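Report on the following structure.
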Amino acid sequence: MTETTIVHLLRHGEVHNPRGVLYGRLPDFHLSEDGHLMAKAAADFLGRRDIAAVYTSPLERAQETAAPLAEATGLTPIVDDRLIEAENVFEGEVFTMGRLADPRVWPRFRNPFSPSWGEPFEVVARRMNSLTEDARRAARGHEAVCVSHQLPIYTARRRAEGLRLWHDPRRRQCGLASVTSLIFEGETLARVDYHEPAAHLIKGPTVPGA
């Protein structure tokens, strides 16, 4: 009988970011009050499942999102750099769509397919695939949770589903504290599920690249 293994990709909760900075990999960006509630909602959703391993991005917002799940399962999260947010040249800036009218930024958008403004989609896909494969093997016959960020999670999903990696970021299905589940039968991906256990806590749009 083929055994089922599930790797859940959990996006972190809302971040305290009153200036709307594209924070990327910058340190000292922590969950907001609602973000902590989102992390608790995700832990309530996942904590009743057969979780055998928890991995997290090294960034504070991801580790804080993993904390309630660690408490619920008794597992110590493994910090793994492969789960980190994608690099972005606009990191640290307050970036709005109005910036696109500024000719000085146009060279940064010369190639949306790579993309030219940040870490290549292919590089993100490879590191996320490497991590999810390690998580699948470690949790064989059980389930693993990997806490990461919107772009890495959505890129991993598109690679898993055989879709092209470049996409419109406004169309990503990867809400705050959402759970994208890769369900394997043996070593074969059988399907992808998606849940938003914290949807009731989301109040508005978030900064891209979070």
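The chains in the structure tokens are called A, B, ... from first to last as shown; in each chain the residues are counted from 1, and the ligands are counted from 1 in the order shown.
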Can you pull out every residue within 12 Å of A:Thr76, counting only C-alpha atoms, but drop anything in the same chain fewer than 5 positions away, and send it as a PyMOL selection string? chain A and resi 51-56+63+66-71+145
Hey, what's within 6 Å of A:Val179 if we count only C-alpha atoms and toss same-chain stuff fewer than 2 positions away? As a PyMOL selection string, please? chain A and resi 9-10+194-195
My list of candidates is A:Asp50, A:Asp44, A:Glu3, A:Glu85. Which is closest to A:Gln150 when distances are computed with only C-alpha atoms?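 Selected residue with least distance to A:Gln150: A:Glu85.
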DSSP on the backbone: which residues in stretch 23-96 of chain A end up as strand (DSSP E or B)? Give the answer as a ChimeraX atom specification. /A:31,51-56,78-79,88
Output N, CA and C atoms of each residue in that selection to a file, as a PDB file, in the first residue's frame.
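Saved result, out.pdb, follows:
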ATOM      1  N   LEU A  31       5.863  40.052  13.583  1.00  0.00           N
ATOM      2  CA  LEU A  31       4.420  39.938  13.425  1.00  0.00           C
ATOM      3  C   LEU A  31       3.705  41.055  14.182  1.00  0.00           C
ATOM      4  N   ILE A  51       1.764  15.891  12.420  1.00  0.00           N
ATOM      5  CA  ILE A  51       2.966  16.656  12.075  1.00  0.00           C
ATOM      6  C   ILE A  51       4.188  16.002  12.714  1.00  0.00           C
ATOM      7  N   ALA A  52       5.170  15.694  11.857  1.00  0.00           N
ATOM      8  CA  ALA A  52       6.381  15.037  12.336  1.00  0.00           C
ATOM      9  C   ALA A  52       7.600  15.949  12.291  1.00  0.00           C
ATOM     10  N   ALA A  53       7.509  17.061  11.555  1.00  0.00           N
ATOM     11  CA  ALA A  53       8.664  17.967  11.441  1.00  0.00           C
ATOM     12  C   ALA A  53       8.175  19.365  11.105  1.00  0.00           C
ATOM     13  N   VAL A  54       8.865  20.363  11.632  1.00  0.00           N
ATOM     14  CA  VAL A  54       8.567  21.767  11.351  1.00  0.00           C
ATOM     15  C   VAL A  54       9.854  22.457  10.935  1.00  0.00           C
ATOM     16  N   TYR A  55       9.791  23.150   9.792  1.00  0.00           N
ATOM     17  CA  TYR A  55      10.928  23.917   9.274  1.00  0.00           C
ATOM     18  C   TYR A  55      10.499  25.378   9.168  1.00  0.00           C
ATOM     19  N   THR A  56      11.449  26.282   9.267  1.00  0.00           N
ATOM     20  CA  THR A  56      11.104  27.698   9.154  1.00  0.00           C
ATOM     21  C   THR A  56      12.216  28.499   8.490  1.00  0.00           C
ATOM     22  N   ILE A  78      13.110  23.626  12.722  1.00  0.00           N
ATOM     23  CA  ILE A  78      14.435  23.604  12.113  1.00  0.00           C
ATOM     24  C   ILE A  78      14.556  24.826  11.210  1.00  0.00           C
ATOM     25  N   VAL A  79      15.506  25.706  11.489  1.00  0.00           N
ATOM     26  CA  VAL A  79      15.707  26.901  10.678  1.00  0.00           C
ATOM     27  C   VAL A  79      16.487  26.514   9.419  1.00  0.00           C
ATOM     28  N   ASN A  88      15.259  41.028  -3.566  1.00  0.00           N
ATOM     29  CA  ASN A  88      14.545  42.033  -4.350  1.00  0.00           C
ATOM     30  C   ASN A  88      15.315  43.351  -4.279  1.00  0.00           C
TER      31      ASN A  88
END
Minimum-distance residue to A:Ala199, chosen among A:Arg19, A:Pro115, A:Ala42, A:His167 (using only C-alpha atoms):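 Between A:Arg19, A:Pro115, A:Ala42, A:His167, the residue approaching A:Ala199 most closely is A:Ala42.
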Which residues are near A:Lys40? Cut-off 10 Å, only C-alpha atoms, ignore same chain within fewer than 5 positions. Put them as a PyMOL selection string. chain A and resi 13+34-35+45-47+65-69+72+177+197-198
Using the selection just defined, write its residues with N, CA and C atoms as a compact mmCIF listing (two decimals), in the first residue's frame.
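Saved to result-v2.txt:
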# COMPACT_ATOMS: atom_id res chain seq x y z
N GLY A 13 2.30 35.17 9.17
CA GLY A 13 1.18 36.08 9.41
C GLY A 13 1.53 37.53 9.12
N ASP A 34 -2.31 41.25 15.05
CA ASP A 34 -3.14 40.34 14.25
C ASP A 34 -2.30 39.21 13.67
N GLY A 35 -1.05 39.49 13.37
CA GLY A 35 -0.17 38.45 12.84
C GLY A 35 0.00 37.30 13.81
N PHE A 45 -5.21 24.97 13.11
CA PHE A 45 -5.57 24.20 11.92
C PHE A 45 -4.64 23.01 11.72
N LEU A 46 -3.33 23.24 11.92
CA LEU A 46 -2.34 22.20 11.64
C LEU A 46 -1.99 21.35 12.85
N GLY A 47 -2.17 21.89 14.03
CA GLY A 47 -1.71 21.21 15.24
C GLY A 47 -2.40 19.91 15.53
N THR A 65 5.79 32.89 13.44
CA THR A 65 4.61 32.16 12.96
C THR A 65 4.72 30.68 13.32
N ALA A 66 5.95 30.15 13.31
CA ALA A 66 6.16 28.74 13.65
C ALA A 66 5.99 28.47 15.14
N ALA A 67 6.14 29.49 15.98
CA ALA A 67 6.18 29.27 17.43
C ALA A 67 4.91 28.62 17.99
N PRO A 68 3.69 29.09 17.65
CA PRO A 68 2.51 28.42 18.21
C PRO A 68 2.37 26.97 17.75
N LEU A 69 2.80 26.68 16.52
CA LEU A 69 2.74 25.31 16.04
C LEU A 69 3.75 24.44 16.79
N ALA A 72 2.20 23.61 20.00
CA ALA A 72 1.09 22.66 19.87
C ALA A 72 1.57 21.24 19.61
N ALA A 177 -0.80 33.67 6.40
CA ALA A 177 -0.98 32.47 7.23
C ALA A 177 -1.76 31.38 6.49
N PRO A 197 -6.75 29.34 7.03
CA PRO A 197 -7.32 29.28 8.38
C PRO A 197 -7.42 30.63 9.09
N ALA A 198 -6.70 31.64 8.58
CA ALA A 198 -6.72 32.96 9.22
C ALA A 198 -7.43 34.00 8.36
So that I can see what lies close to stretch 156-166 of chain A, please list as JSON, numbers by chain the residues with an atom at most 6 Å from it, counting only C-alpha atoms and leaving out residues fewer than 5 positions away in the same chain. {"A": [113, 125, 128]}
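Checking A:Met38, A:Ser148, A:Asn111, A:His142 one by one against A:Glu60, counting only C-alpha atoms, you find the shortest gap at A:Ser148.
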Test item: residues at most 12 Å from A:Pro152, only C-alpha atoms, excluding those fewer than 4 positions along its chain, as a PDB file with N, CA, C and O atoms, in the first residue's frame:
ATOM      1  N   LEU A   9       3.123  24.084   3.182  1.00  0.00           N
ATOM      2  CA  LEU A   9       3.877  25.332   3.066  1.00  0.00           C
ATOM      3  C   LEU A   9       3.039  26.437   3.705  1.00  0.00           C
ATOM      4  O   LEU A   9       2.006  26.842   3.156  1.00  0.00           O
ATOM      5  N   LEU A  10       3.466  26.905   4.848  1.00  0.00           N
ATOM      6  CA  LEU A  10       2.718  27.895   5.635  1.00  0.00           C
ATOM      7  C   LEU A  10       3.337  29.273   5.463  1.00  0.00           C
ATOM      8  O   LEU A  10       4.511  29.479   5.786  1.00  0.00           O
ATOM      9  N   ARG A  11       2.539  30.203   4.964  1.00  0.00           N
ATOM     10  CA  ARG A  11       3.012  31.587   4.872  1.00  0.00           C
ATOM     11  C   ARG A  11       2.895  32.245   6.249  1.00  0.00           C
ATOM     12  O   ARG A  11       1.950  31.962   7.009  1.00  0.00           O
ATOM     13  N   HIS A  12       3.843  33.112   6.552  1.00  0.00           N
ATOM     14  CA  HIS A  12       3.808  33.809   7.839  1.00  0.00           C
ATOM     15  C   HIS A  12       2.586  34.721   7.954  1.00  0.00           C
ATOM     16  O   HIS A  12       1.929  35.053   6.964  1.00  0.00           O
ATOM     17  N   GLY A  24      11.387  42.487   2.488  1.00  0.00           N
ATOM     18  CA  GLY A  24      12.232  41.430   1.943  1.00  0.00           C
ATOM     19  C   GLY A  24      12.959  40.636   3.006  1.00  0.00           C
ATOM     20  O   GLY A  24      12.352  40.025   3.878  1.00  0.00           O
ATOM     21  N   SER A  57      11.810  29.529   7.770  1.00  0.00           N
ATOM     22  CA  SER A  57      12.724  30.555   7.278  1.00  0.00           C
ATOM     23  C   SER A  57      13.439  31.192   8.467  1.00  0.00           C
ATOM     24  O   SER A  57      12.875  31.266   9.568  1.00  0.00           O
ATOM     25  N   ASP A  81      17.725  28.055   5.597  1.00  0.00           N
ATOM     26  CA  ASP A  81      17.858  29.226   4.724  1.00  0.00           C
ATOM     27  C   ASP A  81      17.147  29.063   3.388  1.00  0.00           C
ATOM     28  O   ASP A  81      16.863  30.058   2.717  1.00  0.00           O
ATOM     29  N   ARG A  82      16.860  27.841   2.984  1.00  0.00           N
ATOM     30  CA  ARG A  82      16.176  27.629   1.705  1.00  0.00           C
ATOM     31  C   ARG A  82      14.758  28.173   1.707  1.00  0.00           C
ATOM     32  O   ARG A  82      14.159  28.382   0.647  1.00  0.00           O
ATOM     33  N   LEU A  83      14.213  28.425   2.877  1.00  0.00           N
ATOM     34  CA  LEU A  83      12.845  28.943   2.999  1.00  0.00           C
ATOM     35  C   LEU A  83      12.786  30.463   3.038  1.00  0.00           C
ATOM     36  O   LEU A  83      11.698  31.036   3.140  1.00  0.00           O
ATOM     37  N   ILE A  84      13.925  31.128   2.940  1.00  0.00           N
ATOM     38  CA  ILE A  84      13.968  32.582   3.095  1.00  0.00           C
ATOM     39  C   ILE A  84      13.237  33.301   1.964  1.00  0.00           C
ATOM     40  O   ILE A  84      13.014  32.735   0.883  1.00  0.00           O
ATOM     41  N   GLU A  85      12.850  34.544   2.202  1.00  0.00           N
ATOM     42  CA  GLU A  85      12.216  35.370   1.190  1.00  0.00           C
ATOM     43  C   GLU A  85      13.148  35.555  -0.003  1.00  0.00           C
ATOM     44  O   GLU A  85      14.374  35.488   0.127  1.00  0.00           O
ATOM     45  N   ALA A  86      12.569  35.789  -1.177  1.00  0.00           N
ATOM     46  CA  ALA A  86      13.367  36.034  -2.381  1.00  0.00           C
ATOM     47  C   ALA A  86      14.059  37.397  -2.290  1.00  0.00           C
ATOM     48  O   ALA A  86      13.521  38.347  -1.713  1.00  0.00           O
ATOM     49  N   GLU A  87      15.241  37.484  -2.876  1.00  0.00           N
ATOM     50  CA  GLU A  87      15.941  38.760  -2.951  1.00  0.00           C
ATOM     51  C   GLU A  87      15.169  39.719  -3.851  1.00  0.00           C
ATOM     52  O   GLU A  87      14.505  39.305  -4.808  1.00  0.00           O
ATOM     53  N   GLU A 119      15.709  37.848  -7.222  1.00  0.00           N
ATOM     54  CA  GLU A 119      16.184  36.472  -7.347  1.00  0.00           C
ATOM     55  C   GLU A 119      15.420  35.746  -8.447  1.00  0.00           C
ATOM     56  O   GLU A 119      14.191  35.788  -8.480  1.00  0.00           O
ATOM     57  N   PRO A 120      16.105  35.075  -9.351  1.00  0.00           N
ATOM     58  CA  PRO A 120      15.413  34.388 -10.447  1.00  0.00           C
ATOM     59  C   PRO A 120      14.402  33.357  -9.932  1.00  0.00           C
ATOM     60  O   PRO A 120      14.671  32.642  -8.963  1.00  0.00           O
ATOM     61  N   PHE A 121      13.255  33.294 -10.596  1.00  0.00           N
ATOM     62  CA  PHE A 121      12.230  32.330 -10.213  1.00  0.00           C
ATOM     63  C   PHE A 121      12.792  30.910 -10.189  1.00  0.00           C
ATOM     64  O   PHE A 121      12.453  30.106  -9.315  1.00  0.00           O
ATOM     65  N   GLU A 122      13.651  30.596 -11.165  1.00  0.00           N
ATOM     66  CA  GLU A 122      14.206  29.245 -11.248  1.00  0.00           C
ATOM     67  C   GLU A 122      15.053  28.923 -10.024  1.00  0.00           C
ATOM     68  O   GLU A 122      15.014  27.789  -9.504  1.00  0.00           O
ATOM     69  N   VAL A 123      15.812  29.891  -9.540  1.00  0.00           N
ATOM     70  CA  VAL A 123      16.633  29.681  -8.343  1.00  0.00           C
ATOM     71  C   VAL A 123      15.736  29.455  -7.129  1.00  0.00           C
ATOM     72  O   VAL A 123      15.989  28.558  -6.305  1.00  0.00           O
ATOM     73  N   VAL A 124      14.684  30.254  -7.011  1.00  0.00           N
ATOM     74  CA  VAL A 124      13.731  30.094  -5.897  1.00  0.00           C
ATOM     75  C   VAL A 124      13.093  28.708  -5.967  1.00  0.00           C
ATOM     76  O   VAL A 124      12.981  28.002  -4.954  1.00  0.00           O
ATOM     77  N   ALA A 125      12.660  28.305  -7.163  1.00  0.00           N
ATOM     78  CA  ALA A 125      11.999  27.015  -7.335  1.00  0.00           C
ATOM     79  C   ALA A 125      12.929  25.866  -6.938  1.00  0.00           C
ATOM     80  O   ALA A 125      12.502  24.912  -6.267  1.00  0.00           O
ATOM     81  N   ARG A 126      14.200  25.958  -7.322  1.00  0.00           N
ATOM     82  CA  ARG A 126      15.132  24.870  -7.025  1.00  0.00           C
ATOM     83  C   ARG A 126      15.390  24.741  -5.528  1.00  0.00           C
ATOM     84  O   ARG A 126      15.424  23.626  -4.990  1.00  0.00           O
ATOM     85  N   ARG A 127      15.588  25.872  -4.847  1.00  0.00           N
ATOM     86  CA  ARG A 127      15.867  25.765  -3.407  1.00  0.00           C
ATOM     87  C   ARG A 127      14.630  25.303  -2.639  1.00  0.00           C
ATOM     88  O   ARG A 127      14.736  24.521  -1.687  1.00  0.00           O
ATOM     89  N   MET A 128      13.441  25.752  -3.071  1.00  0.00           N
ATOM     90  CA  MET A 128      12.213  25.310  -2.407  1.00  0.00           C
ATOM     91  C   MET A 128      11.940  23.836  -2.687  1.00  0.00           C
ATOM     92  O   MET A 128      11.503  23.089  -1.800  1.00  0.00           O
ATOM     93  N   ASN A 129      12.198  23.394  -3.902  1.00  0.00           N
ATOM     94  CA  ASN A 129      12.005  21.979  -4.230  1.00  0.00           C
ATOM     95  C   ASN A 129      12.966  21.105  -3.425  1.00  0.00           C
ATOM     96  O   ASN A 129      12.582  20.038  -2.921  1.00  0.00           O
ATOM     97  N   LEU A 131      14.177  21.780  -0.486  1.00  0.00           N
ATOM     98  CA  LEU A 131      13.692  21.765   0.894  1.00  0.00           C
ATOM     99  C   LEU A 131      12.474  20.863   1.047  1.00  0.00           C
ATOM    100  O   LEU A 131      12.394  20.054   1.975  1.00  0.00           O
ATOM    101  N   THR A 132      11.508  20.993   0.141  1.00  0.00           N
ATOM    102  CA  THR A 132      10.292  20.181   0.280  1.00  0.00           C
ATOM    103  C   THR A 132      10.591  18.695   0.099  1.00  0.00           C
ATOM    104  O   THR A 132       9.959  17.850   0.744  1.00  0.00           O
ATOM    105  N   CYS A 146       6.439  23.722   6.591  1.00  0.00           N
ATOM    106  CA  CYS A 146       7.560  24.586   6.239  1.00  0.00           C
ATOM    107  C   CYS A 146       7.049  26.025   6.204  1.00  0.00           C
ATOM    108  O   CYS A 146       6.207  26.361   5.366  1.00  0.00           O
ATOM    109  N   VAL A 147       7.536  26.860   7.102  1.00  0.00           N
ATOM    110  CA  VAL A 147       7.066  28.240   7.200  1.00  0.00           C
ATOM    111  C   VAL A 147       7.950  29.126   6.327  1.00  0.00           C
ATOM    112  O   VAL A 147       9.165  29.208   6.526  1.00  0.00           O
ATOM    113  N   SER A 148       7.324  29.803   5.369  1.00  0.00           N
ATOM    114  CA  SER A 148       8.092  30.597   4.417  1.00  0.00           C
ATOM    115  C   SER A 148       7.318  31.866   4.067  1.00  0.00           C
ATOM    116  O   SER A 148       6.574  32.398   4.901  1.00  0.00           O
ATOM    117  N   ALA A 156       7.051  27.521  -5.503  1.00  0.00           N
ATOM    118  CA  ALA A 156       7.116  26.076  -5.273  1.00  0.00           C
ATOM    119  C   ALA A 156       5.851  25.393  -5.763  1.00  0.00           C
ATOM    120  O   ALA A 156       5.907  24.302  -6.353  1.00  0.00           O
ATOM    121  N   ARG A 157       4.719  26.030  -5.534  1.00  0.00           N
ATOM    122  CA  ARG A 157       3.452  25.441  -5.993  1.00  0.00           C
ATOM    123  C   ARG A 157       3.404  25.377  -7.518  1.00  0.00           C
ATOM    124  O   ARG A 157       3.011  24.354  -8.087  1.00  0.00           O
ATOM    125  N   ARG A 158       3.797  26.460  -8.180  1.00  0.00           N
ATOM    126  CA  ARG A 158       3.754  26.470  -9.641  1.00  0.00           C
ATOM    127  C   ARG A 158       4.698  25.424 -10.225  1.00  0.00           C
ATOM    128  O   ARG A 158       4.360  24.757 -11.207  1.00  0.00           O
ATOM    129  N   ARG A 159       5.870  25.252  -9.635  1.00  0.00           N
ATOM    130  CA  ARG A 159       6.786  24.222 -10.111  1.00  0.00           C
ATOM    131  C   ARG A 159       6.170  22.829  -9.888  1.00  0.00           C
ATOM    132  O   ARG A 159       6.225  21.964 -10.765  1.00  0.00           O
ATOM    133  N   LEU A 165       6.895  29.525 -14.313  1.00  0.00           N
ATOM    134  CA  LEU A 165       7.203  30.185 -13.047  1.00  0.00           C
ATOM    135  C   LEU A 165       6.854  31.662 -13.040  1.00  0.00           C
ATOM    136  O   LEU A 165       6.445  32.204 -11.999  1.00  0.00           O
ATOM    137  N   PRO A 169       1.964  38.846  -9.950  1.00  0.00           N
ATOM    138  CA  PRO A 169       1.938  38.730  -8.486  1.00  0.00           C
ATOM    139  C   PRO A 169       0.600  39.090  -7.871  1.00  0.00           C
ATOM    140  O   PRO A 169       0.298  38.669  -6.752  1.00  0.00           O
ATOM    141  N   ARG A 172      -1.588  35.831  -7.149  1.00  0.00           N
ATOM    142  CA  ARG A 172      -1.100  34.732  -6.317  1.00  0.00           C
ATOM    143  C   ARG A 172      -2.177  34.269  -5.326  1.00  0.00           C
ATOM    144  O   ARG A 172      -2.783  35.089  -4.630  1.00  0.00           O
ATOM    145  N   CYS A 174      -2.079  32.924  -2.186  1.00  0.00           N
ATOM    146  CA  CYS A 174      -1.176  32.655  -1.066  1.00  0.00           C
ATOM    147  C   CYS A 174      -1.377  33.745  -0.017  1.00  0.00           C
ATOM    148  O   CYS A 174      -0.531  34.620   0.179  1.00  0.00           O
ATOM    149  N   THR A 180      -0.530  25.920   1.917  1.00  0.00           N
ATOM    150  CA  THR A 180      -0.480  25.254   0.619  1.00  0.00           C
ATOM    151  C   THR A 180       0.088  23.856   0.861  1.00  0.00           C
ATOM    152  O   THR A 180       1.233  23.724   1.305  1.00  0.00           O
ATOM    153  N   GLY A 209       5.832  40.934  -2.029  1.00  0.00           N
ATOM    154  CA  GLY A 209       7.130  40.389  -1.639  1.00  0.00           C
ATOM    155  C   GLY A 209       7.218  40.137  -0.165  1.00  0.00           C
ATOM    156  O   GLY A 209       8.257  40.306   0.444  1.00  0.00           O
ATOM    157  N   ALA A 210       6.112  39.684   0.441  1.00  0.00           N
ATOM    158  CA  ALA A 210       6.095  39.421   1.868  1.00  0.00           C
ATOM    159  C   ALA A 210       5.993  37.947   2.172  1.00  0.00           C
ATOM    160  O   ALA A 210       5.735  37.585   3.280  1.00  0.00           O
TER     161      ALA A 210
END
Could you give me the residues within chain A that DSSP places in alpha helix (DSSP H), as a PyMOL selection string? chain A and resi 33-46+60-73+121-138+150-160
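Minimum atom-to-atom distance to A:Leu26, evaluated using only C-alpha atoms, belongs to A:Phe90 out of A:Ser116, A:Arg48, A:Phe90, A:Asp80.
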Which residues come within 12 Å of A:Arg140, counting only C-alpha atoms, excluding same-chain residues fewer than 4 positions away, as a PyMOL selection string? chain A and resi 2-7+50-53+132-136+144+183-187
Please produce an output containing N, CA, C and O atoms for each residue in the selection, written as a PDB file, in the first residue's frame.
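part.pdb, freshly written:
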ATOM      1  N   THR A   2       0.582   2.187  -0.903  1.00  0.00           N
ATOM      2  CA  THR A   2       1.358   3.423  -1.006  1.00  0.00           C
ATOM      3  C   THR A   2       1.095   4.315   0.199  1.00  0.00           C
ATOM      4  O   THR A   2      -0.061   4.527   0.589  1.00  0.00           O
ATOM      5  N   GLU A   3       2.150   4.855   0.796  1.00  0.00           N
ATOM      6  CA  GLU A   3       1.971   5.718   1.952  1.00  0.00           C
ATOM      7  C   GLU A   3       1.828   7.174   1.521  1.00  0.00           C
ATOM      8  O   GLU A   3       2.408   7.610   0.528  1.00  0.00           O
ATOM      9  N   THR A   4       1.046   7.913   2.287  1.00  0.00           N
ATOM     10  CA  THR A   4       0.791   9.325   2.000  1.00  0.00           C
ATOM     11  C   THR A   4       1.661  10.195   2.897  1.00  0.00           C
ATOM     12  O   THR A   4       1.730   9.988   4.109  1.00  0.00           O
ATOM     13  N   THR A   5       2.323  11.163   2.279  1.00  0.00           N
ATOM     14  CA  THR A   5       3.116  12.162   3.009  1.00  0.00           C
ATOM     15  C   THR A   5       2.653  13.536   2.555  1.00  0.00           C
ATOM     16  O   THR A   5       2.438  13.761   1.362  1.00  0.00           O
ATOM     17  N   ILE A   6       2.477  14.454   3.496  1.00  0.00           N
ATOM     18  CA  ILE A   6       2.026  15.804   3.155  1.00  0.00           C
ATOM     19  C   ILE A   6       3.052  16.822   3.633  1.00  0.00           C
ATOM     20  O   ILE A   6       3.486  16.786   4.795  1.00  0.00           O
ATOM     21  N   VAL A   7       3.438  17.717   2.733  1.00  0.00           N
ATOM     22  CA  VAL A   7       4.311  18.840   3.087  1.00  0.00           C
ATOM     23  C   VAL A   7       3.475  20.106   2.990  1.00  0.00           C
ATOM     24  O   VAL A   7       3.018  20.477   1.900  1.00  0.00           O
ATOM     25  N   ASP A  50      -1.018  15.060  11.827  1.00  0.00           N
ATOM     26  CA  ASP A  50       0.091  14.167  12.150  1.00  0.00           C
ATOM     27  C   ASP A  50       1.425  14.805  11.751  1.00  0.00           C
ATOM     28  O   ASP A  50       2.131  14.326  10.858  1.00  0.00           O
ATOM     29  N   ILE A  51       1.764  15.891  12.420  1.00  0.00           N
ATOM     30  CA  ILE A  51       2.966  16.656  12.075  1.00  0.00           C
ATOM     31  C   ILE A  51       4.188  16.002  12.714  1.00  0.00           C
ATOM     32  O   ILE A  51       4.257  15.824  13.928  1.00  0.00           O
ATOM     33  N   ALA A  52       5.170  15.694  11.857  1.00  0.00           N
ATOM     34  CA  ALA A  52       6.381  15.037  12.336  1.00  0.00           C
ATOM     35  C   ALA A  52       7.600  15.949  12.291  1.00  0.00           C
ATOM     36  O   ALA A  52       8.630  15.633  12.900  1.00  0.00           O
ATOM     37  N   ALA A  53       7.509  17.061  11.555  1.00  0.00           N
ATOM     38  CA  ALA A  53       8.664  17.967  11.441  1.00  0.00           C
ATOM     39  C   ALA A  53       8.175  19.365  11.105  1.00  0.00           C
ATOM     40  O   ALA A  53       7.189  19.533  10.384  1.00  0.00           O
ATOM     41  N   THR A 132      11.508  20.993   0.141  1.00  0.00           N
ATOM     42  CA  THR A 132      10.292  20.181   0.280  1.00  0.00           C
ATOM     43  C   THR A 132      10.591  18.695   0.099  1.00  0.00           C
ATOM     44  O   THR A 132       9.959  17.850   0.744  1.00  0.00           O
ATOM     45  N   GLU A 133      11.564  18.359  -0.744  1.00  0.00           N
ATOM     46  CA  GLU A 133      11.959  16.956  -0.888  1.00  0.00           C
ATOM     47  C   GLU A 133      12.586  16.437   0.404  1.00  0.00           C
ATOM     48  O   GLU A 133      12.299  15.312   0.849  1.00  0.00           O
ATOM     49  N   ASP A 134      13.435  17.250   1.032  1.00  0.00           N
ATOM     50  CA  ASP A 134      14.024  16.850   2.311  1.00  0.00           C
ATOM     51  C   ASP A 134      12.941  16.690   3.376  1.00  0.00           C
ATOM     52  O   ASP A 134      12.976  15.741   4.180  1.00  0.00           O
ATOM     53  N   ALA A 135      11.974  17.611   3.382  1.00  0.00           N
ATOM     54  CA  ALA A 135      10.891  17.536   4.354  1.00  0.00           C
ATOM     55  C   ALA A 135      10.029  16.297   4.112  1.00  0.00           C
ATOM     56  O   ALA A 135       9.591  15.632   5.062  1.00  0.00           O
ATOM     57  N   ARG A 136       9.767  15.990   2.843  1.00  0.00           N
ATOM     58  CA  ARG A 136       8.961  14.803   2.517  1.00  0.00           C
ATOM     59  C   ARG A 136       9.657  13.536   3.009  1.00  0.00           C
ATOM     60  O   ARG A 136       9.016  12.657   3.599  1.00  0.00           O
ATOM     61  N   ALA A 144       4.751  17.319   7.302  1.00  0.00           N
ATOM     62  CA  ALA A 144       5.738  18.322   7.690  1.00  0.00           C
ATOM     63  C   ALA A 144       5.182  19.706   7.383  1.00  0.00           C
ATOM     64  O   ALA A 144       4.377  19.868   6.462  1.00  0.00           O
ATOM     65  N   ILE A 183       0.575  17.060  -1.464  1.00  0.00           N
ATOM     66  CA  ILE A 183       0.174  15.732  -0.998  1.00  0.00           C
ATOM     67  C   ILE A 183       0.800  14.674  -1.896  1.00  0.00           C
ATOM     68  O   ILE A 183       0.512  14.625  -3.100  1.00  0.00           O
ATOM     69  N   PHE A 184       1.665  13.863  -1.309  1.00  0.00           N
ATOM     70  CA  PHE A 184       2.415  12.853  -2.053  1.00  0.00           C
ATOM     71  C   PHE A 184       1.875  11.459  -1.755  1.00  0.00           C
ATOM     72  O   PHE A 184       1.594  11.124  -0.592  1.00  0.00           O
ATOM     73  N   GLU A 185       1.728  10.677  -2.790  1.00  0.00           N
ATOM     74  CA  GLU A 185       1.485   9.247  -2.651  1.00  0.00           C
ATOM     75  C   GLU A 185       2.794   8.568  -3.026  1.00  0.00           C
ATOM     76  O   GLU A 185       3.203   8.584  -4.186  1.00  0.00           O
ATOM     77  N   GLY A 186       3.476   8.005  -2.044  1.00  0.00           N
ATOM     78  CA  GLY A 186       4.835   7.552  -2.273  1.00  0.00           C
ATOM     79  C   GLY A 186       5.703   8.762  -2.563  1.00  0.00           C
ATOM     80  O   GLY A 186       5.706   9.729  -1.803  1.00  0.00           O
ATOM     81  N   GLU A 187       6.413   8.747  -3.684  1.00  0.00           N
ATOM     82  CA  GLU A 187       7.259   9.875  -4.067  1.00  0.00           C
ATOM     83  C   GLU A 187       6.595  10.763  -5.116  1.00  0.00           C
ATOM     84  O   GLU A 187       7.203  11.731  -5.582  1.00  0.00           O
TER      85      GLU A 187
END
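Considering the residues A:Val15, A:Val105, A:Ala138, A:Leu182 and counting only C-alpha atoms, A:Ala62 has its shortest atom-to-atom contact with A:Val15.
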